[in-house]
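> Shown below is the structure under consideration.
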Amino acid sequence: MSETLARPGAPVLPGGPQEGMLVEVRDGGEIDTAHMNLNVGPAHPATHGVLRLVVDLDGEKIIRAQPVIGYMHRGFEKLAEDRDYRQIIALVNRHDWLSAFCNEIGVAVAVERMMELEVPDRAQWIRVMMAEWNRILNHLLLLGSYALELGALTPMFYTVREREDIQNILESATGGRLHFTYCRVGGLKEDLPRGFLAASADMAVRMKTCIAQYEDLLLGNEIFLARTKNVGVLPQAVALDYGVTGCALHATGIAEDVRVSEPYCAYDRVKVRVPTGTNGDSFDRFKVLMERMKASVDIIEQVADNLPSGPVNIKLPKVVKAPEGSIYVRTENPLGQGGYYLVSDGQKTPWRMKMRTPSFSNVQAIPYLLQDQLMADMIAILGSVFFVVGDVDR
Amino acid sequence: MPESITQETMAPDALATHFREQLGERVVSADVAYDQVTVTVDPASLGQVALFCKQQLGMTFFDFLGGIDEREEGFSIVVRVYNHRTRQAVTLKAMVPGGREEPRIATLSDVYAGANWHERETYDMFGIVFEGHPALLPRILTVENFEGWPLRKEFKLASRIVKPWPGAKEPGGGEDEEKKAEPGAAPGADPDDRAAGAKAKAERAKVKAAAARKRKAEEKAQQQAEESGEPADTETSADVAADAETSADVAADAETPADGAADAETPADGAADAETSAVEETAAEDPDRASEESVDDAEPGSARDAAAAAAGQPTKADTPDPTTPEGAAQIADTAVAKDAAAGTTAGQDVATGEQAGSDEPERDAEAEAEVGDGGPAQDSGTPGVEAEGVHDLDDSSARPSIPRPSEDDLLESDDDE
């Protein structure tokens, strides 16, 4: 290998060596470009928030990609230490704004287990139903935006249409469209309103045809397949080592799902289908996302068939104090496994509440996924890991 | 897959025993709580134990790693690893050597790749140094030049430094909160202290309620002064004096009556005097009304007392009191608050000088007294929801003046009593 100046008068290629630029020429005559350091974000549309990536490029190939996080750090763990257990439920709604209800459940279950509260059956079943609707809401948005990033504009219109309808149904019960705050320690805020179950059942039927529509739109699309198949392959061992969960883990073929392995609420009484992939590539992750929506619709229908009657709440003591000790409660959030490690010293507020968020662990695997990939595939890989930056930074 | 990986699922108790038997002295204790196994290990052999979990028990899934503030003993870290085949998990816990001064422990990022960011986060939040970690810096979540370790207990929430909890009840337990923050004093360890704290709180609430009642009486006097044809600016200054009195109740930052008035942004000097004479005149002119006032649970002429109190308060403003806006403003100039402002939005409260509703404080102060006495705080719902209206009970001096209550308001508040 020898160093030389680019020949004067040589044809100038866009992005290639310019006249007078120092280039390396391999013995075979191949031109080796200088490494380029590219900053992506923190306000890049493809990063779903304020994630920043510092990418080292060799031509079009990514040599190294380093995510820079923390732009949305709001100190939720510290805030929780200053709040009553019942107030924390409103707090955990917010770090992952697409999985509000699933996050609420985790805190409520943790406090209930520590206080040994008997939660009414009806509340447990409704929690399952709400969590699944929340999951579908989440997946609809991710599905639409992923297609959007790959250049397919139309699916987003379809998914937002369904999102609106589902949000209207949930709003009738919870009063919220994004931050539901419907869960309470010991049950739920209130019972379902009249007409909710009918609307929910109608929507579940409609969702089945809608999901088929999305599949028609995307899964047969040649461009979509070309951009996702065998792109960003995540091996099983690496996924486990980094603690990757959710669609990205299922796509590798590991069917680890908290709803099955450690059921909470009424998940032990419903049949949960966990779709898995085989390759662990972007396409598999996307396919799993799609299949998970179908599975969620199934669960919603099972809940509707089995919903017991009765109260949805218990009378709590005026002061909610978890006994001394620690507990770890994990839930299957739309983005992966969420967990709360709660340390109580017997006070009204937790001594420590460690939040294990799926996005944090998933994003950690991004450098591995982007290594030696083409820059053009970065968007396809980044989008398929399915994360929310608020969930990364907390 | 190595042959030695345990494939059968063990009960939590059996797993705990397995740890004790296999690892001997490296395990300090192995407990089962809520069906979850927590193994406390010797910090020096945390890496070995983690490797044992990964290789022998097949716990290849890295769940999380985090720190815990262990008061005077320093810090501990917890690591949870999981075997997705047998669905078994273990939480490893280790005290970090070095106490609170220099917490250092060996990294796990060479055993589990996922520990890398979790350790960076723990370093960022607690200042625990992980030896052998590839790069703990730059700080992962906070800004690069952030000073302090946010999740240590001595690091106070900035919004709490400039402003006390606005609700009737402190979720952390009022005075206990301060105790909790000091490493060395286990919170709630001394029940007597807690009881004393509650008592003090009740006392404070009573004083506040009394002050509110006093002010109500003053407002009434004012009203009467107006009726008896006093010049309008005298009334405003009476308002200010009343205002100064309330703030004196909290922080006594009015050095002289003129200062108190200036704080409240009114030019009228000698406000207290004018106000006192107004009250006297009213009392002389209308004995009926004066007697009505005494029925009203406030001594006649309490406004005069109040004005005198405002004038005669000793100067205590040397040390900034964070519970008042003035004190907070002073604090805001110091480096502490600047740090704090970097981390949170606390400074806003001071800057905007949030105003409380004009007729709110009286009722709330009474409610608080009730709480302090053990009365009903709230029957249901989320605690602190009602805090909205209680905001800035102590901030009355931040307002230019209390809007003069209308006659209807006064009648209403009479009914309340």
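Following the order of the structure tokens, first chain is A, next is B, and so on, with residues numbered from 1 inside each chain and ligands from 1 in the order they appear.
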What are the residues of chain A lining chain B at 7 Å or less? Count only C-alpha atoms, and put the answer as a PDB file with C-alpha atoms, in the first residue's frame.

```pdb
ATOM      1  CA  ILE A  69     -28.233   8.751  24.729  1.00  0.00           C
ATOM      2  CA  GLY A  70     -29.431  10.863  27.600  1.00  0.00           C
ATOM      3  CA  HIS A  73     -33.205  11.911  30.733  1.00  0.00           C
ATOM      4  CA  LYS A  78     -35.203   9.913  41.486  1.00  0.00           C
ATOM      5  CA  ASP A  82     -40.161  11.250  46.429  1.00  0.00           C
ATOM      6  CA  ARG A  83     -43.608  10.018  45.579  1.00  0.00           C
ATOM      7  CA  ASP A  84     -46.323   7.911  47.088  1.00  0.00           C
ATOM      8  CA  ARG A  86     -50.077   5.653  44.023  1.00  0.00           C
ATOM      9  CA  GLN A  87     -48.502   8.709  42.461  1.00  0.00           C
ATOM     10  CA  LEU A 240     -29.277 -12.721  25.370  1.00  0.00           C
ATOM     11  CA  ASP A 241     -25.950 -11.223  26.338  1.00  0.00           C
ATOM     12  CA  TYR A 242     -27.208  -7.703  25.808  1.00  0.00           C
ATOM     13  CA  GLY A 243     -30.568  -8.408  27.409  1.00  0.00           C
ATOM     14  CA  GLU A 256     -39.127 -15.795  26.017  1.00  0.00           C
ATOM     15  CA  SER A 261     -42.857 -17.619  31.611  1.00  0.00           C
ATOM     16  CA  LYS A 348     -44.852   5.523  51.924  1.00  0.00           C
ATOM     17  CA  THR A 349     -42.326   6.083  49.171  1.00  0.00           C
ATOM     18  CA  ARG A 352     -35.242   2.818  45.392  1.00  0.00           C
ATOM     19  CA  LYS A 354     -34.835   0.688  39.517  1.00  0.00           C
ATOM     20  CA  ARG A 356     -35.454  -1.942  33.744  1.00  0.00           C
ATOM     21  CA  ASP A 393     -33.328   7.716  28.791  1.00  0.00           C
TER      22      ASP A 393
END
```
> Within 12 Å of Val388 (chain A), counting only C-alpha atoms, which residues show up once you throw out same-chain ones fewer than 3 positions away? Write them as a short mmCIF file (atom, residue, chain, number, x, y, z; two decimals) with N, CA and C atoms, in the first residue's frame, please.

```
data_model
loop_
_atom_site.label_atom_id
_atom_site.label_comp_id
_atom_site.auth_asym_id
_atom_site.auth_seq_id
_atom_site.Cartn_x
_atom_site.Cartn_y
_atom_site.Cartn_z
N ALA A 46 -35.48 9.54 11.79
CA ALA A 46 -35.50 8.08 11.84
C ALA A 46 -35.18 7.55 13.22
N THR A 47 -34.79 8.42 14.14
CA THR A 47 -34.38 7.90 15.44
C THR A 47 -35.50 7.95 16.48
N HIS A 48 -36.71 8.26 16.06
CA HIS A 48 -37.87 8.22 16.96
C HIS A 48 -37.66 9.01 18.22
N GLY A 49 -37.17 10.21 18.09
CA GLY A 49 -36.91 10.98 19.29
C GLY A 49 -35.51 11.55 19.21
N VAL A 50 -34.88 11.70 20.34
CA VAL A 50 -33.58 12.36 20.32
C VAL A 50 -32.46 11.38 20.63
N LEU A 51 -32.32 10.41 19.79
CA LEU A 51 -31.16 9.51 19.89
C LEU A 51 -30.12 10.02 18.90
N ILE A 69 -26.89 8.62 24.16
CA ILE A 69 -28.23 8.75 24.73
C ILE A 69 -28.20 9.75 25.88
N MET A 72 -33.01 12.81 26.70
CA MET A 72 -34.35 12.91 27.28
C MET A 72 -34.39 12.43 28.71
N ARG A 94 -45.23 7.87 31.67
CA ARG A 94 -44.67 8.86 30.79
C ARG A 94 -43.33 8.54 30.16
N HIS A 95 -42.55 7.66 30.76
CA HIS A 95 -41.23 7.48 30.15
C HIS A 95 -41.34 6.79 28.80
N ASP A 96 -42.20 5.78 28.70
CA ASP A 96 -42.46 5.18 27.40
C ASP A 96 -43.90 5.52 27.05
N TRP A 97 -44.06 6.56 26.27
CA TRP A 97 -45.40 7.08 26.01
C TRP A 97 -46.22 6.16 25.13
N LEU A 98 -45.60 5.16 24.54
CA LEU A 98 -46.37 4.25 23.70
C LEU A 98 -46.81 3.01 24.46
N SER A 99 -46.36 2.83 25.69
CA SER A 99 -46.73 1.64 26.45
C SER A 99 -47.23 2.04 27.82
N ALA A 100 -48.00 3.09 27.88
CA ALA A 100 -48.37 3.65 29.17
C ALA A 100 -49.02 2.63 30.09
N ASN A 138 -49.41 0.45 20.23
CA ASN A 138 -47.97 0.62 20.09
C ASN A 138 -47.49 0.05 18.76
N HIS A 139 -47.89 -1.20 18.50
CA HIS A 139 -47.39 -1.87 17.30
C HIS A 139 -47.90 -1.19 16.03
N LEU A 141 -48.36 1.95 15.56
CA LEU A 141 -47.54 3.13 15.28
C LEU A 141 -46.17 2.72 14.76
N LEU A 142 -45.57 1.70 15.41
CA LEU A 142 -44.24 1.27 14.98
C LEU A 142 -44.29 0.70 13.57
N ASN A 333 -43.84 -5.71 28.07
CA ASN A 333 -44.30 -4.47 27.46
C ASN A 333 -44.26 -4.63 25.95
N PRO A 334 -44.93 -3.76 25.24
CA PRO A 334 -44.91 -3.86 23.77
C PRO A 334 -43.48 -3.86 23.21
N LEU A 335 -42.58 -3.13 23.84
CA LEU A 335 -41.23 -3.03 23.29
C LEU A 335 -40.31 -4.13 23.82
N GLY A 336 -40.77 -4.88 24.79
CA GLY A 336 -39.93 -5.92 25.36
C GLY A 336 -40.21 -6.07 26.83
N THR A 357 -35.83 -0.93 31.58
CA THR A 357 -36.65 -0.64 30.42
C THR A 357 -36.13 -1.39 29.21
N PRO A 358 -37.07 -1.92 28.41
CA PRO A 358 -36.64 -2.73 27.27
C PRO A 358 -35.80 -1.94 26.27
N SER A 359 -36.16 -0.69 26.04
CA SER A 359 -35.46 0.08 25.00
C SER A 359 -33.98 0.27 25.34
N PHE A 360 -33.68 0.47 26.62
CA PHE A 360 -32.30 0.70 27.03
C PHE A 360 -31.42 -0.47 26.60
N SER A 361 -31.90 -1.69 26.91
CA SER A 361 -31.11 -2.86 26.57
C SER A 361 -31.09 -3.10 25.06
N ASN A 362 -32.22 -2.83 24.41
CA ASN A 362 -32.27 -3.07 22.97
C ASN A 362 -31.34 -2.12 22.21
N VAL A 363 -31.34 -0.86 22.63
CA VAL A 363 -30.50 0.12 21.93
C VAL A 363 -29.03 -0.20 22.13
N LEU A 382 -32.13 0.36 12.35
CA LEU A 382 -32.49 1.17 13.51
C LEU A 382 -33.99 1.08 13.80
N GLY A 383 -34.78 1.20 12.73
CA GLY A 383 -36.23 1.18 12.91
C GLY A 383 -36.73 -0.16 13.38
N SER A 384 -36.03 -1.24 12.98
CA SER A 384 -36.55 -2.57 13.28
C SER A 384 -36.25 -3.01 14.70
N VAL A 385 -35.42 -2.26 15.42
CA VAL A 385 -35.15 -2.64 16.81
C VAL A 385 -36.32 -2.21 17.69
N ASP A 391 -38.03 5.82 26.69
CA ASP A 391 -37.85 4.58 27.43
C ASP A 391 -36.37 4.27 27.62
N VAL A 392 -35.54 4.76 26.72
CA VAL A 392 -34.09 4.55 26.85
C VAL A 392 -33.55 5.45 27.96
N ASP A 393 -33.95 6.71 27.92
CA ASP A 393 -33.33 7.72 28.79
C ASP A 393 -34.00 7.84 30.16
N ARG A 394 -35.24 7.55 30.23
CA ARG A 394 -36.05 7.68 31.46
C ARG A 394 -35.97 9.07 32.06
#
```
> Pull the alpha helix (DSSP H) assignments for region 36-137 of chain B out of DSSP run on the backbone, and list those residues as a tab-separated table (two decimals) with C-alpha atoms, in the first residue's frame.

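That gives us result28.tsv:
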```tsv
chain	number	residue	atom	x	y	z
B	46	LEU	CA	-18.85	-11.19	42.03
B	47	GLY	CA	-17.30	-11.83	38.64
B	48	GLN	CA	-16.73	-15.50	39.44
B	49	VAL	CA	-20.26	-15.94	40.70
B	50	ALA	CA	-21.64	-14.26	37.59
B	51	LEU	CA	-19.55	-16.58	35.45
B	52	PHE	CA	-20.86	-19.54	37.45
B	53	CYS	CA	-24.41	-18.39	36.78
B	54	LYS	CA	-23.74	-17.98	33.10
B	55	GLN	CA	-21.80	-21.17	32.48
B	115	ALA	CA	-23.55	-4.91	31.71
B	116	ASN	CA	-21.63	-2.23	29.88
B	117	TRP	CA	-24.32	0.42	29.67
B	118	HIS	CA	-25.93	-0.57	32.95
B	119	GLU	CA	-22.61	0.00	34.70
B	120	ARG	CA	-22.19	3.32	32.96
B	121	GLU	CA	-25.64	4.27	34.19
B	122	THR	CA	-24.83	3.14	37.73
B	123	TYR	CA	-21.62	5.15	37.64
B	124	ASP	CA	-23.54	8.15	36.38
B	125	MET	CA	-26.20	7.87	39.07
B	126	PHE	CA	-24.17	6.73	42.10
```
> Considering only C-alpha atoms, state which residue in the set A:Val244, A:Phe180, A:Arg64, A:Pro350 is at the smallest distance from Ile327 (chain A).
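Closest candidate: A:Pro350.
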> For CA of Met95 (chain B) and CA of Ile77 (chain B), quote the distance in Å rounded to one decimal.
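Separating CA of Met95 (chain B) from CA of Ile77 (chain B) is a distance of 6.5 Å.
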> Neighbours of Glu132 (chain A) within 7 Å (only C-alpha atoms; same-chain residues fewer than 4 positions away dropped), as a VMD selection string?
chain A and resid 128 136 296 300
> Which one of A:Thr228, A:Ala201, A:Gly277, A:Asp345 sits closest to Arg71 (chain B) if you count only C-alpha atoms?
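So, comparing all the options, the nearest one is A:Asp345.
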